[in-house]
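Take a look at the structure set out below.
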Amino acid sequence: MTQLFIDADACPVKAEAEKVATRHRVKMYVVSNGGLRPSQNPLVDTVIVPDGPDVADMWIAERCGAGDVVVTGDIPLAARCVEAGAQVLKHNGEALTATNIGNVLATRDLMADLRAADPFRQGGGKGFTKADRSRFLDALERALRAAKTTK
């Protein structure tokens, strides 16, 4: 059965994901190390993991597989989930796949090196827009439909 995993720390689309998961009657796991209000929705499990580096990521990566959908902005976690066979979406609806994850990882590493080389550089990130939210909803809808036919 298809499952939806949300890497919930700093995730701006939890409510939207819950609506889509409910419409598809898909079990959803909202995983973080705390600070979230649990949903009253019986299809949504709030998983609070212990504090520590990448504990939520490990929890998700160990449980996702083919036919599942993962929502994360964490590129190393996305790579592990893609390798496990899950469909992965970023919060803006961008799909991370076996075809593009290598380039995305390389770009992430390059940008980290550039930031480290210039400690005075500030910001650089784009804000989350209504268009991003709309793209995410459309992408999640398509991903869940496809995932349900896989399992």
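Order determines the names: the first chain of the structure tokens is A, the second B, and so forth; residues in each chain are numbered 1 upward, and ligands are numbered 1 upward as they are shown.
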
*All residues 7 Å or closer to range 68-76 of chain A, only C-alpha atoms, same chain fewer than 4 positions away omitted, as a list in words*: Thr2, Gln3, Leu4, Phe5, Ile6, Asp7, Cys64, Arg80, Ala86, Gln87, Val88, Leu89, Lys90, His91, Leu105, Ala143, Leu144 and Ala147 of chain A

Just-selected residues, C-alpha atoms written as a PDB file, in the first residue's frame:
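In the end it all went to result-v4.pdb:
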ATOM      1  CA  THR A   2       1.297   3.442  -0.935  1.00  0.00           C
ATOM      2  CA  GLN A   3       2.569   5.640   1.883  1.00  0.00           C
ATOM      3  CA  LEU A   4       3.414   9.346   1.944  1.00  0.00           C
ATOM      4  CA  PHE A   5       6.409  10.484   4.006  1.00  0.00           C
ATOM      5  CA  ILE A   6       6.899  14.154   4.882  1.00  0.00           C
ATOM      6  CA  ASP A   7      10.279  15.402   6.078  1.00  0.00           C
ATOM      7  CA  CYS A  64      10.226   4.168   2.145  1.00  0.00           C
ATOM      8  CA  ARG A  80      18.552   7.682  -0.527  1.00  0.00           C
ATOM      9  CA  ALA A  86      10.335   5.971  -3.919  1.00  0.00           C
ATOM     10  CA  GLN A  87       9.083   8.980  -5.833  1.00  0.00           C
ATOM     11  CA  VAL A  88      10.530  12.161  -4.340  1.00  0.00           C
ATOM     12  CA  LEU A  89       9.180  15.692  -4.518  1.00  0.00           C
ATOM     13  CA  LYS A  90      10.629  18.943  -3.264  1.00  0.00           C
ATOM     14  CA  HIS A  91       8.270  21.447  -1.618  1.00  0.00           C
ATOM     15  CA  LEU A 105      23.637  16.532  -5.458  1.00  0.00           C
ATOM     16  CA  ALA A 143       2.789  11.236  -7.880  1.00  0.00           C
ATOM     17  CA  LEU A 144       0.178   9.610  -5.655  1.00  0.00           C
ATOM     18  CA  ALA A 147       2.393   5.376  -6.905  1.00  0.00           C
TER      19      ALA A 147
END

*Residues of range 49-131 of chain A in strand (DSSP E or B), written as a PyMOL selection string*: chain A and resi 69-71+87-89+95-96

*Which of these residues is nearest to Arg23 in chain A, using only C-alpha atoms: A:Cys81, A:Ala117, A:Leu43, A:Ala146?*
A:Leu43

*Spatial neighbours of Asn100 in chain A, 12 Å, only C-alpha atoms, chain gap at least 5 places, as a ChimeraX atom specification*: /A:75,78-79,82,88,94-95,105-107

Keeping only N, CA and C atoms, write the selected residues as a short mmCIF file (atom, residue, chain, number, x, y, z; two decimals), in the first residue's frame.
data_model
loop_
_atom_site.label_atom_id
_atom_site.label_comp_id
_atom_site.auth_asym_id
_atom_site.auth_seq_id
_atom_site.Cartn_x
_atom_site.Cartn_y
_atom_site.Cartn_z
N ILE A 75 18.49 17.10 0.06
CA ILE A 75 18.96 16.41 -1.14
C ILE A 75 19.60 15.05 -0.82
N ALA A 78 16.80 12.75 -0.23
CA ALA A 78 16.13 12.47 -1.50
C ALA A 78 16.88 11.41 -2.29
N ALA A 79 18.21 11.50 -2.31
CA ALA A 79 19.02 10.51 -3.04
C ALA A 79 18.81 9.11 -2.47
N VAL A 82 15.25 7.93 -3.52
CA VAL A 82 15.23 7.58 -4.95
C VAL A 82 15.87 6.21 -5.14
N VAL A 88 10.15 11.08 -5.25
CA VAL A 88 10.53 12.16 -4.34
C VAL A 88 10.16 13.50 -4.95
N GLU A 94 9.07 20.11 -7.61
CA GLU A 94 10.12 19.55 -8.45
C GLU A 94 10.35 18.08 -8.09
N ALA A 95 10.30 17.22 -9.10
CA ALA A 95 10.55 15.80 -8.88
C ALA A 95 12.05 15.52 -8.90
N LEU A 105 22.65 16.71 -6.53
CA LEU A 105 23.64 16.53 -5.46
C LEU A 105 24.91 17.32 -5.75
N ALA A 106 25.38 17.25 -6.98
CA ALA A 106 26.60 17.97 -7.36
C ALA A 106 26.42 19.48 -7.22
N THR A 107 25.28 19.99 -7.63
CA THR A 107 25.00 21.42 -7.51
C THR A 107 24.94 21.82 -6.04
#

*Between CA of Ala21 in chain A and CA of Phe136 in chain A, what is the spacing in Å?*
13.0 Å

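Note that DSSP on the backbone gives alpha helix (DSSP H) to these residues of range 17-89 of chain A: Ala17, Glu18, Lys19, Val20, Ala21, Thr22, Arg23, His24, Val55, Ala56, Asp57, Met58, Trp59, Ile60, Ala61, Glu62, Arg63, Ile75, Pro76, Leu77, Ala78, Ala79, Arg80, Cys81, Val82, Glu83 and Ala84 of chain A.
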
*asked:* Please list as a ChimeraX atom specification every residue within 7 Å of Ile48 in chain A, counting only C-alpha atoms and excluding residues in the same chain fewer than 6 positions away.
replied: /A:31-34

Residue subset to file, keeping all heavy atoms, as a short mmCIF file (atom, residue, chain, number, x, y, z; two decimals), in the first residue's frame:
data_model
loop_
_atom_site.label_atom_id
_atom_site.label_comp_id
_atom_site.auth_asym_id
_atom_site.auth_seq_id
_atom_site.Cartn_x
_atom_site.Cartn_y
_atom_site.Cartn_z
N VAL A 31 7.27 13.40 9.80
CA VAL A 31 8.42 13.03 10.62
C VAL A 31 9.25 14.26 10.96
O VAL A 31 9.66 15.01 10.07
CB VAL A 31 9.30 11.99 9.89
CG1 VAL A 31 10.41 11.49 10.79
CG2 VAL A 31 8.45 10.82 9.39
N SER A 32 9.52 14.46 12.26
CA SER A 32 10.36 15.57 12.71
C SER A 32 10.93 15.25 14.08
O SER A 32 10.59 14.23 14.68
CB SER A 32 9.57 16.88 12.77
OG SER A 32 8.79 16.93 13.94
N ASN A 33 11.74 16.16 14.58
CA ASN A 33 12.28 15.95 15.92
C ASN A 33 11.53 16.79 16.95
O ASN A 33 12.04 17.04 18.03
CB ASN A 33 13.79 16.21 15.97
CG ASN A 33 14.15 17.61 15.56
OD1 ASN A 33 13.28 18.44 15.34
ND2 ASN A 33 15.44 17.89 15.45
N GLY A 34 10.33 17.19 16.64
CA GLY A 34 9.47 17.86 17.61
C GLY A 34 8.95 19.19 17.13
O GLY A 34 9.27 19.66 16.04
#

*Could you work out how far CA of Leu77 in chain A lies from CA of Glu16 in chain A, giving the answer in Å with one decimal?*
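These atoms are spaced 21.1 Å apart.
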
_Nearest-residue call for Ile60 in chain A, choices A:Arg145, A:Asn92, A:Ile101, A:Ala8, using only C-alpha atoms_ = A:Ala8
